[in-house]
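*Asks:* Below is the file input.cif, with mmCIF, C-alpha atoms and all ligand atoms.
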```cif
data_coords
loop_
_atom_site.label_atom_id
_atom_site.label_comp_id
_atom_site.auth_asym_id
_atom_site.auth_seq_id
_atom_site.Cartn_x
_atom_site.Cartn_y
_atom_site.Cartn_z
CA MET A 1 6.21 18.43 -6.24
CA PHE A 2 2.90 17.25 -4.77
CA THR A 3 1.01 20.54 -4.78
CA GLY A 4 -2.22 20.13 -6.71
CA LYS A 5 -1.83 16.35 -6.95
CA VAL A 6 -4.45 13.93 -5.67
CA ALA A 7 -3.77 10.62 -3.89
CA LEU A 8 -6.07 7.74 -3.01
CA ILE A 9 -4.77 5.52 -0.19
CA THR A 10 -6.39 2.30 1.07
CA GLY A 11 -6.04 1.09 4.65
CA ALA A 12 -5.41 4.70 5.64
CA ALA A 13 -7.41 4.92 8.88
CA GLN A 14 -4.31 3.99 10.89
CA GLY A 15 -0.76 2.71 10.68
CA LEU A 16 1.33 3.12 7.55
CA GLY A 17 -1.51 4.30 5.30
CA LYS A 18 -2.39 7.09 7.71
CA SER A 19 1.24 8.15 7.92
CA PHE A 20 1.59 8.14 4.09
CA ALA A 21 -1.54 10.31 3.88
CA ALA A 22 -0.21 12.79 6.46
CA ALA A 23 3.11 13.07 4.61
CA LEU A 24 1.38 13.84 1.30
CA LEU A 25 -1.03 16.32 2.90
CA GLN A 26 1.93 18.11 4.48
CA GLN A 27 3.40 18.53 1.00
CA GLY A 28 0.26 20.05 -0.51
CA CYS A 29 -1.34 16.93 -1.98
CA LYS A 30 -5.08 16.30 -1.69
CA VAL A 31 -5.91 12.90 -0.29
CA CYS A 32 -8.78 10.42 -0.23
CA VAL A 33 -8.32 8.13 2.76
CA ALA A 34 -10.14 4.80 2.42
CA ASP A 35 -10.60 2.04 4.97
CA ILE A 36 -13.04 -0.66 6.08
CA ASN A 37 -12.87 0.58 9.69
CA ASP A 38 -15.25 3.53 9.57
CA VAL A 39 -14.89 4.52 13.23
CA LYS A 40 -11.11 4.88 12.96
CA LEU A 41 -11.48 6.44 9.51
CA GLN A 42 -13.77 9.21 10.80
CA GLY A 43 -11.30 10.01 13.59
CA THR A 44 -8.44 10.16 11.08
CA LEU A 45 -10.47 12.37 8.74
CA LYS A 46 -11.35 14.84 11.51
CA GLY A 47 -7.73 14.99 12.66
CA PHE A 48 -6.48 15.67 9.12
CA GLN A 49 -9.20 18.26 8.43
CA SER A 50 -8.30 20.19 11.58
CA VAL A 51 -4.64 20.38 10.54
CA TYR A 52 -4.79 20.64 6.73
CA GLY A 53 -8.27 22.15 6.15
CA GLU A 54 -11.57 20.63 5.06
CA ASN A 55 -10.96 20.94 1.33
CA CYS A 56 -7.78 18.85 1.18
CA VAL A 57 -9.02 15.51 2.41
CA ILE A 58 -12.02 13.22 2.08
CA SER A 59 -12.71 9.79 3.51
CA SER A 60 -14.34 6.82 1.88
CA LYS A 61 -15.54 3.76 3.78
CA CYS A 62 -14.34 0.96 1.57
CA ASP A 63 -13.85 -2.76 1.83
CA VAL A 64 -11.21 -3.37 -0.83
CA THR A 65 -12.51 -6.92 -1.36
CA ASN A 66 -15.79 -5.43 -2.57
CA GLU A 67 -15.59 -4.34 -6.22
CA ARG A 68 -18.48 -1.86 -5.94
CA ASP A 69 -17.10 -0.23 -2.77
CA PHE A 70 -13.68 0.15 -4.31
CA GLU A 71 -14.97 1.61 -7.56
CA GLU A 72 -17.16 4.04 -5.58
CA THR A 73 -14.06 5.23 -3.69
CA PHE A 74 -12.31 6.05 -6.98
CA LYS A 75 -15.44 7.87 -8.20
CA GLN A 76 -15.65 9.89 -4.97
CA ALA A 77 -11.99 10.92 -5.17
CA LYS A 78 -12.31 11.96 -8.81
CA SER A 79 -15.56 13.87 -8.32
CA SER A 80 -14.23 15.66 -5.21
CA PHE A 81 -10.81 16.61 -6.55
CA GLY A 82 -11.17 16.40 -10.35
CA GLN A 83 -8.37 13.89 -10.94
CA ILE A 84 -6.33 11.12 -9.34
CA ASN A 85 -2.53 11.08 -9.68
CA ILE A 86 -1.32 8.66 -6.99
CA VAL A 87 -2.89 5.37 -5.93
CA VAL A 88 -1.53 3.51 -2.90
CA ASN A 89 -2.80 -0.04 -2.44
CA ASN A 90 -1.84 -0.37 1.20
CA ALA A 91 -4.68 -2.19 3.03
CA GLY A 92 -3.44 -5.51 4.36
CA VAL A 93 -3.81 -8.14 7.07
CA VAL A 94 -1.95 -11.14 8.45
CA ASP A 95 -4.30 -14.12 8.73
CA GLU A 96 -2.81 -17.60 8.37
CA GLU A 97 -5.92 -19.31 9.83
CA ASN A 98 -8.18 -17.75 7.19
CA TRP A 99 -5.61 -17.78 4.41
CA GLN A 100 -8.23 -17.11 1.73
CA ARG A 101 -9.06 -13.81 3.48
CA CYS A 102 -5.35 -13.00 3.62
CA LEU A 103 -4.98 -13.61 -0.14
CA ASP A 104 -8.21 -11.79 -0.91
CA ILE A 105 -7.25 -8.58 0.90
CA ASN A 106 -3.50 -8.58 0.28
CA LEU A 107 -3.33 -9.81 -3.30
CA VAL A 108 -6.70 -10.03 -5.09
CA SER A 109 -7.69 -6.56 -3.86
CA VAL A 110 -4.31 -5.11 -4.81
CA ILE A 111 -4.95 -6.45 -8.31
CA ARG A 112 -8.41 -4.83 -8.19
CA GLY A 113 -6.94 -1.53 -6.97
CA THR A 114 -4.20 -1.61 -9.59
CA LEU A 115 -6.70 -2.18 -12.42
CA LEU A 116 -8.89 0.67 -11.14
CA GLY A 117 -5.78 2.82 -10.74
CA LEU A 118 -4.71 2.14 -14.31
CA ARG A 119 -8.18 3.01 -15.55
CA TYR A 120 -8.19 6.36 -13.71
CA LEU A 121 -4.55 7.29 -14.35
CA ARG A 122 -3.80 6.20 -17.93
CA LYS A 123 -3.73 9.09 -20.40
CA ASP A 124 -5.66 7.07 -23.01
CA CYS A 125 -8.45 6.60 -20.43
CA GLY A 126 -8.77 10.33 -19.68
CA GLY A 127 -6.23 10.46 -16.84
CA THR A 128 -3.08 12.54 -16.59
CA GLY A 129 -0.65 9.70 -15.81
CA GLY A 130 0.74 9.13 -12.34
CA THR A 131 2.00 6.55 -9.89
CA ILE A 132 0.64 3.37 -8.35
CA ILE A 133 2.44 2.17 -5.23
CA ASN A 134 1.57 -1.32 -4.04
CA VAL A 135 2.60 -2.06 -0.48
CA SER A 136 4.24 -5.47 -0.27
CA SER A 137 6.70 -6.47 2.47
CA MET A 138 10.11 -8.05 3.03
CA ALA A 139 7.88 -11.14 3.01
CA GLY A 140 7.38 -10.35 -0.68
CA ILE A 141 11.09 -10.95 -1.29
CA PHE A 142 12.07 -13.66 1.23
CA PRO A 143 10.30 -16.80 2.48
CA VAL A 144 8.71 -16.65 5.94
CA GLU A 145 8.39 -20.03 7.64
CA TYR A 146 5.63 -19.00 10.10
CA SER A 147 3.51 -17.01 7.62
CA PRO A 148 3.29 -18.79 4.24
CA ALA A 149 -0.05 -17.34 3.11
CA TYR A 150 0.98 -13.77 3.94
CA CYS A 151 4.30 -14.42 2.21
CA ALA A 152 2.57 -15.77 -0.91
CA SER A 153 0.25 -12.74 -1.02
CA LYS A 154 3.16 -10.31 -0.78
CA HIS A 155 5.27 -12.19 -3.38
CA GLY A 156 2.21 -11.98 -5.63
CA VAL A 157 2.06 -8.20 -5.19
CA VAL A 158 5.70 -7.88 -6.29
CA GLY A 159 5.23 -10.04 -9.40
CA TYR A 160 1.95 -8.40 -10.37
CA THR A 161 3.27 -4.86 -9.97
CA ARG A 162 6.54 -5.52 -11.83
CA SER A 163 4.65 -7.17 -14.69
CA TRP A 164 2.34 -4.22 -15.31
CA ALA A 165 5.28 -1.84 -15.03
CA LEU A 166 6.91 -3.57 -18.02
CA HIS A 167 3.83 -3.24 -20.22
CA PRO A 168 4.53 -0.83 -23.11
CA ASP A 169 0.94 0.52 -23.17
CA VAL A 170 1.17 1.45 -19.51
CA GLN A 171 4.55 3.12 -19.98
CA ARG A 172 3.25 5.04 -23.04
CA ASN A 173 0.32 6.29 -20.99
CA GLY A 174 2.38 7.84 -18.24
CA VAL A 175 1.82 5.42 -15.35
CA ARG A 176 4.64 4.24 -13.06
CA LEU A 177 4.11 1.18 -10.86
CA LEU A 178 6.24 0.54 -7.77
CA CYS A 179 6.49 -1.78 -4.78
CA LEU A 180 7.33 -0.84 -1.21
CA CYS A 181 8.66 -3.68 0.95
CA PRO A 182 8.95 -2.78 4.64
CA ALA A 183 10.29 -4.99 7.42
CA TYR A 184 8.57 -5.05 10.84
CA THR A 185 7.06 -1.67 11.64
CA LYS A 186 5.27 -0.52 14.78
CA THR A 187 1.62 -0.73 13.76
CA ASN A 188 -1.40 -2.76 14.86
CA ILE A 189 -0.67 -5.48 12.29
CA LEU A 190 2.06 -6.74 14.66
CA ASP A 191 -0.67 -7.62 17.20
CA TYR A 192 -1.37 -10.77 15.15
CA LYS A 193 -0.17 -13.84 17.01
CA PRO A 194 0.09 -17.27 15.35
CA LYS A 195 -1.99 -19.94 17.14
CA ASP A 196 0.86 -22.47 17.11
CA PRO A 197 3.24 -21.82 20.06
CA GLY A 198 6.23 -22.92 17.95
CA ASP A 199 5.31 -20.40 15.25
CA LEU A 200 4.85 -17.70 17.88
CA GLU A 201 8.37 -18.39 19.08
CA LEU A 202 9.67 -18.09 15.50
CA VAL A 203 7.95 -14.69 15.06
CA GLN A 204 9.36 -13.39 18.32
CA LYS A 205 12.84 -14.58 17.40
CA SER A 206 12.60 -12.93 13.98
CA ILE A 207 11.38 -9.63 15.47
CA LYS A 208 14.22 -9.72 18.00
CA THR A 209 16.76 -10.18 15.19
CA LEU A 210 15.39 -7.57 12.77
CA GLY A 211 13.92 -5.05 15.24
CA ILE A 212 10.84 -2.91 14.74
CA MET A 213 10.93 0.31 12.72
CA ARG A 214 9.01 3.51 13.36
CA VAL A 215 6.34 4.36 10.77
CA GLU A 216 8.25 7.56 9.96
CA LYS A 217 11.12 5.51 8.54
CA VAL A 218 8.78 3.66 6.17
CA THR A 219 7.06 6.92 5.26
CA ASP A 220 10.40 8.43 4.24
CA ALA A 221 10.96 5.39 1.98
CA PHE A 222 7.45 5.85 0.55
CA LEU A 223 8.27 9.47 -0.32
CA LYS A 224 11.57 8.38 -1.85
CA LEU A 225 9.72 5.99 -4.18
CA LEU A 226 7.43 8.80 -5.29
CA LYS A 227 10.21 11.36 -5.72
CA ASP A 228 12.86 9.24 -7.43
CA GLU A 229 12.67 9.49 -11.19
CA ASP A 230 13.06 6.65 -13.70
CA ASN A 231 12.23 3.98 -11.12
CA ASN A 232 9.20 2.43 -12.84
CA GLY A 233 8.88 -1.26 -11.87
CA ASN A 234 11.27 -0.97 -8.96
CA VAL A 235 11.00 -2.69 -5.61
CA LEU A 236 12.23 -0.69 -2.62
CA SER A 237 12.83 -2.40 0.70
CA VAL A 238 13.08 -0.53 3.98
CA THR A 239 14.62 -2.08 7.08
CA ASN A 240 16.47 -0.83 10.12
CA LEU A 241 19.59 -0.84 7.92
CA GLY A 242 18.06 1.62 5.44
CA THR A 243 16.44 1.51 1.99
CA GLN A 244 17.50 -0.60 -0.97
CA TYR A 245 16.31 -0.94 -4.55
CA TRP A 246 16.32 -4.63 -5.53
CA LYS A 247 17.93 -5.79 -8.73
CA MET A 248 15.39 -8.43 -9.69
CA ALA A 249 15.69 -10.82 -12.61
CA LYS A 250 13.86 -10.18 -15.90
CA MET A 251 13.27 -12.70 -18.69
N1 LIG B 301 3.68 -3.07 10.02
C1 LIG B 301 4.49 -3.97 9.48
O1 LIG B 301 5.30 -4.60 10.16
C2 LIG B 301 4.44 -4.21 7.99
C3 LIG B 301 5.56 -4.79 7.37
C4 LIG B 301 5.52 -5.04 5.99
C5 LIG B 301 4.40 -4.72 5.27
N2 LIG B 301 3.32 -4.16 5.91
C6 LIG B 301 2.14 -3.87 5.08
O2 LIG B 301 1.77 -2.51 5.26
C7 LIG B 301 0.40 -2.35 4.96
C8 LIG B 301 -0.25 -1.49 6.03
O3 LIG B 301 -0.27 -2.22 7.25
P1 LIG B 301 -0.03 -1.56 8.68
O4 LIG B 301 1.25 -2.07 9.17
O5 LIG B 301 -0.26 -0.09 8.61
O6 LIG B 301 -1.18 -2.30 9.52
P2 LIG B 301 -2.50 -1.73 10.21
O7 LIG B 301 -3.20 -2.94 10.71
O8 LIG B 301 -2.17 -0.65 11.17
O9 LIG B 301 -3.30 -1.07 8.99
C9 LIG B 301 -3.95 -1.83 8.02
C10 LIG B 301 -5.22 -1.09 7.62
O10 LIG B 301 -5.86 -1.84 6.57
C11 LIG B 301 -7.26 -1.79 6.82
N3 LIG B 301 -7.94 -2.91 6.17
C12 LIG B 301 -7.89 -4.23 6.48
N4 LIG B 301 -8.71 -4.92 5.69
C13 LIG B 301 -9.29 -4.04 4.84
C14 LIG B 301 -10.24 -4.14 3.79
N5 LIG B 301 -10.79 -5.32 3.46
N6 LIG B 301 -10.60 -3.03 3.12
C15 LIG B 301 -10.06 -1.82 3.45
N7 LIG B 301 -9.18 -1.65 4.45
C16 LIG B 301 -8.80 -2.75 5.13
C17 LIG B 301 -7.37 -1.88 8.35
O11 LIG B 301 -8.65 -1.43 8.81
C18 LIG B 301 -6.23 -0.97 8.77
O12 LIG B 301 -6.64 0.36 8.93
C19 LIG B 301 -0.18 -3.77 4.85
O13 LIG B 301 -0.33 -4.12 3.49
C20 LIG B 301 0.89 -4.62 5.49
O14 LIG B 301 0.88 -5.95 5.01
C21 LIG B 301 3.32 -3.90 7.24
#
```
Render the structure in this file as structure tokens.
*Replies:*
Amino acid sequence: MFTGKVALITGAAQGLGKSFAAALLQQGCKVCVADINDVKLQGTLKGFQSVYGENCVISSKCDVTNERDFEETFKQAKSSFGQINIVVNNAGVVDEENWQRCLDINLVSVIRGTLLGLRYLRKDCGGTGGTIINVSSMAGIFPVEYSPAYCASKHGVVGYTRSWALHPDVQRNGVRLLCLCPAYTKTNILDYKPKDPGDLELVQKSIKTLGIMRVEKVTDAFLKLLKDEDNNGNVLSVTNLGTQYWKMAKM
């Protein structure tokens, strides 16, 4: 199903993005891995090239908050592989102290990546259609008392993605838009500790209740989103209890 397809994944030097990239490479997809952390990115690229071959994967140093960087990444992917079929806006941070940065990376840059994705994927723009997956979170569905900025950014991703998915022009031009909403997963993002001791206690309590998933579990959910048909506009959560498509209200 993925042989001959091309994916562009942000925040793919480590964590979930890296695991999504590996899963697609394993299934014959070509991948452009993009990240702001060039040292980690080069290590990831070398590792992938040694397993999947040099022609299947490229890397692009990219700060998703920088319009020119991000556009250059799309150009590199297209010129290396001829087309782009899957865009995964995955780069994200938790930063309640610098909440503008949190919103800028998690929401504004997902909007930027979605608009670029639409431009490269839409059939009326010279693309072949395809899928845009925006990585939100369970914090995109439920409130989170110790992380309001992160929560707002992830709710924004859900609303933005679902809105574009409804647009008739986008549907006519062969693009599906989807949201992935994981619960706590074992990656470096969990190293973030709130400054306030009371908030830290709340995080620890929440993690104790919900548990921490392995990245493989979220990667399986990611593949499910890509493989399921007729799921345009859907929001898929993944927790220790399994995956669930959310029936969300429409006007
Ligand atoms: N791990 C979890 O518990 C969890 C739960 C729900 C949602 N998520 C979401 O999953 C996504 C991936 O996170 P992760 O868990 O793999 O964390 P991670 O910290 O391991 O990976 C995030 C990646 O994003 C990159 N990044 C950060 N800012 C960037 C920028 N400006 N430009 C480009 N790249 C940038 C980082 O360098 C890093 O490689 C995020 O959107 C996160 O919010 C994670």
*Asks:* With only C-alpha atoms as the counted atoms, please give the residues lying no more than 12 Å from A:Gly127, apart from itself and same-chain residues fewer than 4 positions off, as a compact mmCIF listing (two decimals) with C-alpha atoms, in the coordinates of the input.
*Replies:*
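The resulting out_14.txt:
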```
# COMPACT_ATOMS: atom_id res chain seq x y z
CA VAL A 6 -4.45 13.93 -5.67
CA LYS A 78 -12.31 11.96 -8.81
CA GLY A 82 -11.17 16.40 -10.35
CA GLN A 83 -8.37 13.89 -10.94
CA ILE A 84 -6.33 11.12 -9.34
CA ASN A 85 -2.53 11.08 -9.68
CA ILE A 86 -1.32 8.66 -6.99
CA LEU A 116 -8.89 0.67 -11.14
CA GLY A 117 -5.78 2.82 -10.74
CA LEU A 118 -4.71 2.14 -14.31
CA ARG A 119 -8.18 3.01 -15.55
CA TYR A 120 -8.19 6.36 -13.71
CA LEU A 121 -4.55 7.29 -14.35
CA ARG A 122 -3.80 6.20 -17.93
CA LYS A 123 -3.73 9.09 -20.40
CA THR A 131 2.00 6.55 -9.89
CA VAL A 170 1.17 1.45 -19.51
CA ASN A 173 0.32 6.29 -20.99
CA GLY A 174 2.38 7.84 -18.24
CA VAL A 175 1.82 5.42 -15.35
```
*Asks:* From the options A:Asn98, A:Thr185, A:Ile58, A:Thr219, which residue's atoms come nearest to A:Ser137, counting all atoms listed in the file?
*Replies:* A:Thr185
*Asks:* Could you report the residues within 7 Å of ligand LIG 301 (chain B), using only C-alpha atoms and all ligand atoms, as number ranges by chain?
*Replies:* A: 10-17, 34-37, 62-65, 90-94, 105-106, 135-138, 181-190
*Asks:* Using all atoms listed in the file for the distances, tell me which of A:Gln204, A:Gln42, A:Asn232, A:Asn66 is nearest to A:Ser163.
*Replies:* A:Asn232
*Asks:* What is the atom CA of A:Lys217-atom CA of A:Ser147 distance in Å, reported with one decimal?
*Replies:*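 Computing the Euclidean distance for atom CA of A:Lys217 and atom CA of A:Ser147 yields 23.8 Å.
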*Asks:* Please measure the separation of atom CA of A:Ile111 and atom CA of A:Glu67, giving the value in Å to one decimal.
*Replies:* 11.0 Å
*Asks:* Counting all atoms listed in the file, find residues at most 12 Å from (-5.4, 23.2, 6.9) (file frame) and give them as number ranges by chain.
*Replies:* A: 22, 25-30, 46-57
*Asks:* Need to verify the contact set: A:Arg162, 9 Å, all atoms listed in the file, exclusion of same-chain residues closer than 6 positions in sequence. Can you return it as a ChimeraX atom specification?
*Replies:* /A:177-179,232-235
*Asks:* Which residue gives the smallest distance to A:Leu210 among A:Lys5, A:Met248, A:Leu241, A:Ser109, with only C-alpha atoms counted?
*Replies:*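 The answer is A:Leu241, which sits nearest to A:Leu210.
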*Asks:* Given only C-alpha atoms as the basis, pick out the residue of A:Val238, A:Leu223, A:Val31, A:Ile9 nearest to A:Val110.
*Replies:*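 Ranking A:Val238, A:Leu223, A:Val31, A:Ile9 by distance to A:Val110, first place goes to A:Ile9.
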